[in-house]
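Read the structure below first, then the notes.
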Amino acid sequence: MKNESMLVRCGRLSILIVALLTLVPSLIAQSTYQLPPKDVVDAFDAAPLPEAILSPSKKVIALASRHGQPSIGEISQPMLRLAGARINPNTFGQHRAGLIYAIKLKPIAGGAEIDVKTPPNARISNIRFSPDGSKLAFLNTRSDGIDLWVADAATGKSVLATNHANSTGGDVFDWMPDNATLLCKVVPEGHGPAPAEPLTPAGPNVQMSEGKTAQAATYEDMIRTAHDEALFEYYFTSQLALISADGSKTTLVGKPAIFGGVGPSPSGDLILVTKIKRPFSHLIPMNGFPEDVEVWDRKGSVVKQLADRPSREGVPLTGVETGPRGHHWRLDQPATIVWTEALDGGDPKNKVPFRDRVVSLAAPFSGQPVELGRSEWRSGGILFTEKGVALLTEFDRVLRRTRTWILEPGAEPKKLWDRKQDAAYENPGTPVMRIDGSDNRGFGGRDGLVIQTGDSIYLTGQGASKEGDHPFFDRLNLKTLATERLFHSAADAYENVIAPIADGTKTDDMKTVLTQYETPKDAPNYFVRDLASNARRAVTAFKDPQPQLRGVEHRYVTYQRKDGVTLSATLYLPPGYKEGQRLPVIMWAYPREFGDAGSASQVTGSPNRFTIVSGYSHLFLLLSGYAIFDNPTMPIIGAGETANDTYVDQLVSSAEAAIDKVVAMGVGDRDHIGVGGHSYGAFMTANLLAHSRLFRAGFAESGAYNRTLTPFGFQSERRTFWEVPDLYAKMSPFWYADKVKDPILLMHGEADDNSGTFPIQSERFYMALKGHGATVRYVTLPNEAHGYAARETLLDVLAERINWFDKYVKNAGARAVAAATQ
């Protein structure tokens, strides 16, 4: 009887298990990553086009081939989140390793490609030519460290220069001017084991404020404990070393430190360093920590201490620090440092005739700094031409204007440009820099030199117009301010000037340029174009990586909001679309703030781009029969700080105009339109569903939904919650969770690293929606940051999108009349 009873109980248990498995298959399915349809997977897995890097010699381009995505295993490697950075403690490097696996050198004049020798299973990043283009350096990340390799640009042969580079702080190395030596950050010898985490806490973690105002954004990955401080100090401490390009000699420079920036002087005999020091903030990232700014010789002896910069805690959110900032070498001189100083106490609320001044100090640094210029508005940086002419840019955030001045010794400042910063049609372009192989932005904080021939510099720009973008290449005379257009992309193509090919010492040199050319049918490729004859010659011949998308049609459209503001979007139609056929439509957007309606109405983008769909792009929905109304402009307009005062009204009005347009075009109908977006686009999506019934469903990725959790500002909003509490409430869809009547899917990376978009934003919004009976799905992505990365994750995201929109948009029935008119 006992055995029989046991058998009966086991049988009943088996029946119960089978019943549960039958009732909750979706729950079981979610224990593994989903896959979208095969045609989507095939397009997703297409190899990316190689990245091209032009040599300073202008004779060769490096073509870097990369993997499309890391695996979930790769992004699940150990991670420390310290002072705003994410590092892999096993490698002394950034948590995300490089995806480049091969490098080829392509002669611009033609001829066979040269394969660069790379290590097995390479994970390459930071590719950089020497100043003369004869060598190529790059990093390779191993499972337990980071190597610096140097290749011969003529043969492709490479040597290991060092196997213990330290890239926790970002950039790692720079070429010295001799083309034979690299300045590199390495893990100090005898560094020992990492600090062990205490098994039991020694006491509570305490932060203290004693009356000093210190407003800050809501940063992720801050230092929180004394153990975090110890880990930060251990992993971010580096030793500077001069390493010969053949790896035969390493000379240590100075003592180990936590380096914020490092860069050799143009003369090569001095080094500009910033050293991060305690106390480490628990409120802001490491770029706001206290620093010593010093000039060293090549042995590491301090030649000059330039600044002792305190912590940037307490700096006004729209202001700058009071002391010297932005130290960098002036590249047209052997050893001159340039920096900026605030004249308004760093606070834009102070009324002063000038906000900033830019100064310089030349070696041996014994005199007083020389003032180069003052700016009425906040300085936006200074560039120097090869002949020593300075271009000083300033901007006013409230006015949303920018100005650039020409500064020459012994002459009054001459205004070059004065324009609205949001007005795309007014953008004169960007000065063309000389490529010298050095890092002009990160490692040394250096600016490139602007090419100048005679009295002229050269500009490249996107060429925004009512017909779309048409990139250009101009010559600008600094004496007369006259501009001559040397090249303008054809009306039926998108061709962008990458760089002049000749050495730039003569005006005629600018007649030959390297461009990237594409059309809706022609994949992007590089060409040498002779501007005098208008002839072009192909340098690369990349093939279409996604032929299955060539049947996609895209149209650039403009339309008007009810207040008269001109809006624009790109309409993508799926392969096989027949004119007049109405399809389910997905609108994917991201709002932007503008100071005036005229700037907001200007058209940007081009109908002549080649369609390549990558990552977890919403455009993959085209392969599932959807039309995509891509990037419909959602301008939020207002002078000064007032744009968001009518955020919801303007947002809904823009969405209404977009829907009217796709319906009037005969592409969609009002019963089958969905909306989605990422980050601020997710915020937009939630607000549209909270304040309208325009869309059948929404898909919101990694958004922030309760603005009281970002009380010192968000996006372009700089008024605090305490100044405009009603605005924070009105803009927060969390406060209107009870009004959301259409289905919404919330998705969030569990390791989001973006300011303001903590995962709790989606978690709390989900609970609010669920608590009010909304139709809502909440998906969290393990080990993913604000931008999702792993192949398994991205395919799952695509599957979620297709399944969600298929159910609630494509196959949705007609709306009830009341809902449709709400």
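All residue names refer to the structure tokens as shown: chains lettered A, B, ... in order, residues numbered from 1 in each chain, ligands numbered from 1 in order.
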
Shell around Val552 of chain A at 6 Å using only C-alpha atoms, local window under 6 positions removed, as a list of chain:residue names: A:Leu573, A:Pro574, A:Pro575

Please, could you write that set of residues out with N, CA, C and O atoms as a CSV table (one decimal), in the first residue's frame?
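The file below, again03.csv, is the result:
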```csv
chain,number,residue,atom,x,y,z
A,573,LEU,N,10.6,51.9,-47.0
A,573,LEU,CA,9.6,51.0,-47.4
A,573,LEU,C,10.3,49.6,-47.7
A,573,LEU,O,11.4,49.5,-48.2
A,574,PRO,N,9.6,48.5,-47.2
A,574,PRO,CA,10.2,47.2,-47.3
A,574,PRO,C,10.4,46.7,-48.7
A,574,PRO,O,9.7,47.2,-49.6
A,575,PRO,N,11.3,45.7,-48.9
A,575,PRO,CA,11.4,45.1,-50.2
A,575,PRO,C,10.1,44.6,-50.8
A,575,PRO,O,9.3,44.0,-50.0
```

- request: Tell me, as a ChimeraX atom specification, which residues lie within 9 Å of Thr604 of chain A, counting only C-alpha atoms; anything in the same chain fewer than 6 positions away does not count.
  value: /A:424-425,462-469,568

query: So which bits of segment 496-713 of chain A end up strand (DSSP E) when you DSSP the backbone, as a VMD selection string?
result: chain A and resid 496 to 500 512 to 518 525 to 530 535 to 538 553 to 560 566 to 573 585 to 588 592 to 594 627 to 630 635 to 637 673 to 678 697 to 701

Filtering to C-alpha atoms, could you give me those residues as a PDB file, in the first residue's frame?
```
ATOM      1  CA  ASN A 496      32.219  63.470 -48.427  1.00  0.00           C
ATOM      2  CA  VAL A 497      35.774  64.865 -48.563  1.00  0.00           C
ATOM      3  CA  ILE A 498      37.979  62.955 -46.125  1.00  0.00           C
ATOM      4  CA  ALA A 499      41.258  64.825 -46.637  1.00  0.00           C
ATOM      5  CA  PRO A 500      43.494  66.481 -49.221  1.00  0.00           C
ATOM      6  CA  THR A 512      43.319  66.226 -55.268  1.00  0.00           C
ATOM      7  CA  VAL A 513      41.268  64.857 -52.367  1.00  0.00           C
ATOM      8  CA  LEU A 514      40.292  61.535 -50.855  1.00  0.00           C
ATOM      9  CA  THR A 515      36.503  61.147 -50.699  1.00  0.00           C
ATOM     10  CA  GLN A 516      33.961  58.593 -49.583  1.00  0.00           C
ATOM     11  CA  TYR A 517      31.239  58.150 -52.185  1.00  0.00           C
ATOM     12  CA  GLU A 518      27.880  56.403 -51.929  1.00  0.00           C
ATOM     13  CA  ASN A 525      33.827  53.373 -51.106  1.00  0.00           C
ATOM     14  CA  TYR A 526      36.896  55.569 -51.121  1.00  0.00           C
ATOM     15  CA  PHE A 527      37.995  57.496 -54.192  1.00  0.00           C
ATOM     16  CA  VAL A 528      40.723  59.903 -55.234  1.00  0.00           C
ATOM     17  CA  ARG A 529      39.043  62.857 -56.897  1.00  0.00           C
ATOM     18  CA  ASP A 530      40.800  65.384 -59.115  1.00  0.00           C
ATOM     19  CA  ALA A 535      37.579  62.749 -62.474  1.00  0.00           C
ATOM     20  CA  ARG A 536      37.651  60.156 -59.726  1.00  0.00           C
ATOM     21  CA  ARG A 537      39.510  56.890 -59.278  1.00  0.00           C
ATOM     22  CA  ALA A 538      38.464  54.082 -56.974  1.00  0.00           C
ATOM     23  CA  GLU A 553      13.230  52.105 -50.881  1.00  0.00           C
ATOM     24  CA  HIS A 554      13.689  55.283 -48.896  1.00  0.00           C
ATOM     25  CA  ARG A 555      12.177  58.689 -49.439  1.00  0.00           C
ATOM     26  CA  TYR A 556      13.078  61.957 -47.791  1.00  0.00           C
ATOM     27  CA  VAL A 557       9.895  63.810 -46.853  1.00  0.00           C
ATOM     28  CA  THR A 558       8.994  67.156 -45.317  1.00  0.00           C
ATOM     29  CA  TYR A 559       5.727  68.276 -43.755  1.00  0.00           C
ATOM     30  CA  GLN A 560       4.430  70.900 -41.339  1.00  0.00           C
ATOM     31  CA  THR A 566       8.670  72.430 -40.955  1.00  0.00           C
ATOM     32  CA  LEU A 567       9.400  68.815 -40.003  1.00  0.00           C
ATOM     33  CA  SER A 568      11.226  66.088 -41.914  1.00  0.00           C
ATOM     34  CA  ALA A 569      11.780  62.339 -41.852  1.00  0.00           C
ATOM     35  CA  THR A 570      13.054  59.451 -43.961  1.00  0.00           C
ATOM     36  CA  LEU A 571      10.403  56.960 -45.000  1.00  0.00           C
ATOM     37  CA  TYR A 572      11.756  53.444 -45.529  1.00  0.00           C
ATOM     38  CA  LEU A 573       9.617  50.955 -47.441  1.00  0.00           C
ATOM     39  CA  VAL A 585       4.245  51.770 -39.701  1.00  0.00           C
ATOM     40  CA  ILE A 586       6.779  52.235 -36.904  1.00  0.00           C
ATOM     41  CA  MET A 587       8.007  55.718 -36.036  1.00  0.00           C
ATOM     42  CA  TRP A 588      11.416  55.808 -34.352  1.00  0.00           C
ATOM     43  CA  ARG A 592      15.867  67.809 -29.873  1.00  0.00           C
ATOM     44  CA  GLU A 593      15.693  71.276 -28.335  1.00  0.00           C
ATOM     45  CA  PHE A 594      15.956  74.420 -30.483  1.00  0.00           C
ATOM     46  CA  ALA A 627       7.338  50.707 -43.147  1.00  0.00           C
ATOM     47  CA  ILE A 628       9.666  52.788 -40.987  1.00  0.00           C
ATOM     48  CA  PHE A 629       9.161  56.524 -40.540  1.00  0.00           C
ATOM     49  CA  ASP A 630      12.713  57.115 -39.389  1.00  0.00           C
ATOM     50  CA  PRO A 635      11.667  69.766 -32.169  1.00  0.00           C
ATOM     51  CA  ILE A 636      11.086  71.275 -28.751  1.00  0.00           C
ATOM     52  CA  ILE A 637      11.350  75.021 -29.341  1.00  0.00           C
ATOM     53  CA  ILE A 673       1.105  52.793 -36.278  1.00  0.00           C
ATOM     54  CA  GLY A 674       3.569  52.171 -33.454  1.00  0.00           C
ATOM     55  CA  VAL A 675       6.293  54.309 -31.897  1.00  0.00           C
ATOM     56  CA  GLY A 676       9.660  53.640 -30.320  1.00  0.00           C
ATOM     57  CA  GLY A 677      12.933  55.123 -29.231  1.00  0.00           C
ATOM     58  CA  HIS A 678      16.080  54.696 -27.177  1.00  0.00           C
ATOM     59  CA  ALA A 697       1.860  50.425 -29.065  1.00  0.00           C
ATOM     60  CA  GLY A 698       5.249  51.680 -27.955  1.00  0.00           C
ATOM     61  CA  PHE A 699       8.741  50.232 -27.488  1.00  0.00           C
ATOM     62  CA  ALA A 700      10.899  52.145 -24.996  1.00  0.00           C
ATOM     63  CA  GLU A 701      14.573  51.278 -24.494  1.00  0.00           C
TER      64      GLU A 701
END
```

message: Neighbouring residues of Leu182 of chain A were defined as those with any atom within 7 Å, considering only C-alpha atoms; residues of the same chain fewer than 6 positions away were excluded. Please report them as an MDAnalysis selection string.
response: chainID A and resid 173:176 242:245

task: Assign secondary structure with DSSP using the backbone only, and return the residues of segment 607-668 of chain A in alpha helix (DSSP H) as a count of residues only.
output: 18

query: Which is closest to Trp377 of chain A among A:Leu35, A:Arg401, A:Pro364, A:Thr162, if we use only C-alpha atoms?
result: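 The shortest atom-to-atom distance to Trp377 of chain A comes from A:Arg401.
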
- request: Excluding segment 429-437 of chain A and any residue of its chain fewer than 6 positions from it, enumerate the residues within 10 Å of it, using only C-alpha atoms, and give them as a VMD selection string.
  value: chain A and resid 54 to 58 127 to 133 135 to 137 174 to 177 179 383 to 386 391 447 to 452 457 to 463 471 to 476 497 to 500 503 to 504

Tell me, as a JSON list (two decimals) with C-alpha atoms, in the first residue's frame, which residues lie within 7 Å of Ala122 of chain A, counting only C-alpha atoms; anything in the same chain fewer than 4 positions away does not count.
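Contents of selection.json, freshly written:
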```json
[["chain", "number", "residue", "atom", "x", "y", "z"],
["A", 101, "TYR", "CA", 40.72, 41.29, -35.89],
["A", 118, "THR", "CA", 48.60, 40.46, -36.00],
["A", 140, "ASN", "CA", 45.79, 43.95, -28.67]]
```

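Closest approach to Asp649 of chain A from the set A:Gln77, A:Thr322, A:Thr480, A:Ser692 is made by A:Ser692, with distances taken over only C-alpha atoms.
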
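Look at Val187 of chain A: the protein and nucleic acid residues within 8 Å of it, using only C-alpha atoms and passing over chain neighbours fewer than 4 places away, are Phe92, His164, Ala165, Asn166, His191, Thr237, Ser238 and Gln239 of chain A.
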
How close does segment 52-115 of chain A get to segment 608-626 of chain A? List, as JSON lines, each residue of segment 52-115 of chain A within 12 Å, its nearest atom pair and the distance in Å to one decimal, counting only C-alpha atoms.
```
{"residue": "A:His67", "atom": "CA", "partner": "A:Gly615", "partner_atom": "CA", "distance": 11.4}
{"residue": "A:Gly68", "atom": "CA", "partner": "A:Gly615", "partner_atom": "CA", "distance": 7.7}
{"residue": "A:Gln69", "atom": "CA", "partner": "A:Gly615", "partner_atom": "CA", "distance": 7.8}
{"residue": "A:Pro70", "atom": "CA", "partner": "A:Gly615", "partner_atom": "CA", "distance": 11.1}
```

Output the selection as a PDB file, in the first residue's frame - N, CA, C and O atoms for each residue.
```pdb
ATOM      1  N   HIS A  67      34.816  42.379 -35.993  1.00  0.00           N
ATOM      2  CA  HIS A  67      33.639  41.564 -35.711  1.00  0.00           C
ATOM      3  C   HIS A  67      32.435  42.490 -35.506  1.00  0.00           C
ATOM      4  O   HIS A  67      32.585  43.620 -35.021  1.00  0.00           O
ATOM      5  N   GLY A  68      31.268  42.011 -35.862  1.00  0.00           N
ATOM      6  CA  GLY A  68      30.085  42.839 -35.700  1.00  0.00           C
ATOM      7  C   GLY A  68      29.751  43.120 -34.249  1.00  0.00           C
ATOM      8  O   GLY A  68      29.423  44.245 -33.874  1.00  0.00           O
ATOM      9  N   GLN A  69      29.860  42.095 -33.412  1.00  0.00           N
ATOM     10  CA  GLN A  69      29.474  42.233 -32.012  1.00  0.00           C
ATOM     11  C   GLN A  69      30.313  41.282 -31.163  1.00  0.00           C
ATOM     12  O   GLN A  69      30.763  40.244 -31.628  1.00  0.00           O
ATOM     13  N   PRO A  70      30.491  41.621 -29.884  1.00  0.00           N
ATOM     14  CA  PRO A  70      31.062  40.648 -28.953  1.00  0.00           C
ATOM     15  C   PRO A  70      29.997  39.621 -28.567  1.00  0.00           C
ATOM     16  O   PRO A  70      28.803  39.824 -28.832  1.00  0.00           O
TER      17      PRO A  70
END
```

query: How many Å lie between atom CA of Val740 of chain A and atom CA of Arg696 of chain A, rounded to one decimal?
result: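 About the pair atom CA of Val740 of chain A and atom CA of Arg696 of chain A: they are 11.2 Å apart.
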
- prompt: Just how far from atom CA of Leu689 of chain A is atom CA of Arg670 of chain A, in Å to one decimal?
  reply: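 So the answer is 14.6 Å.
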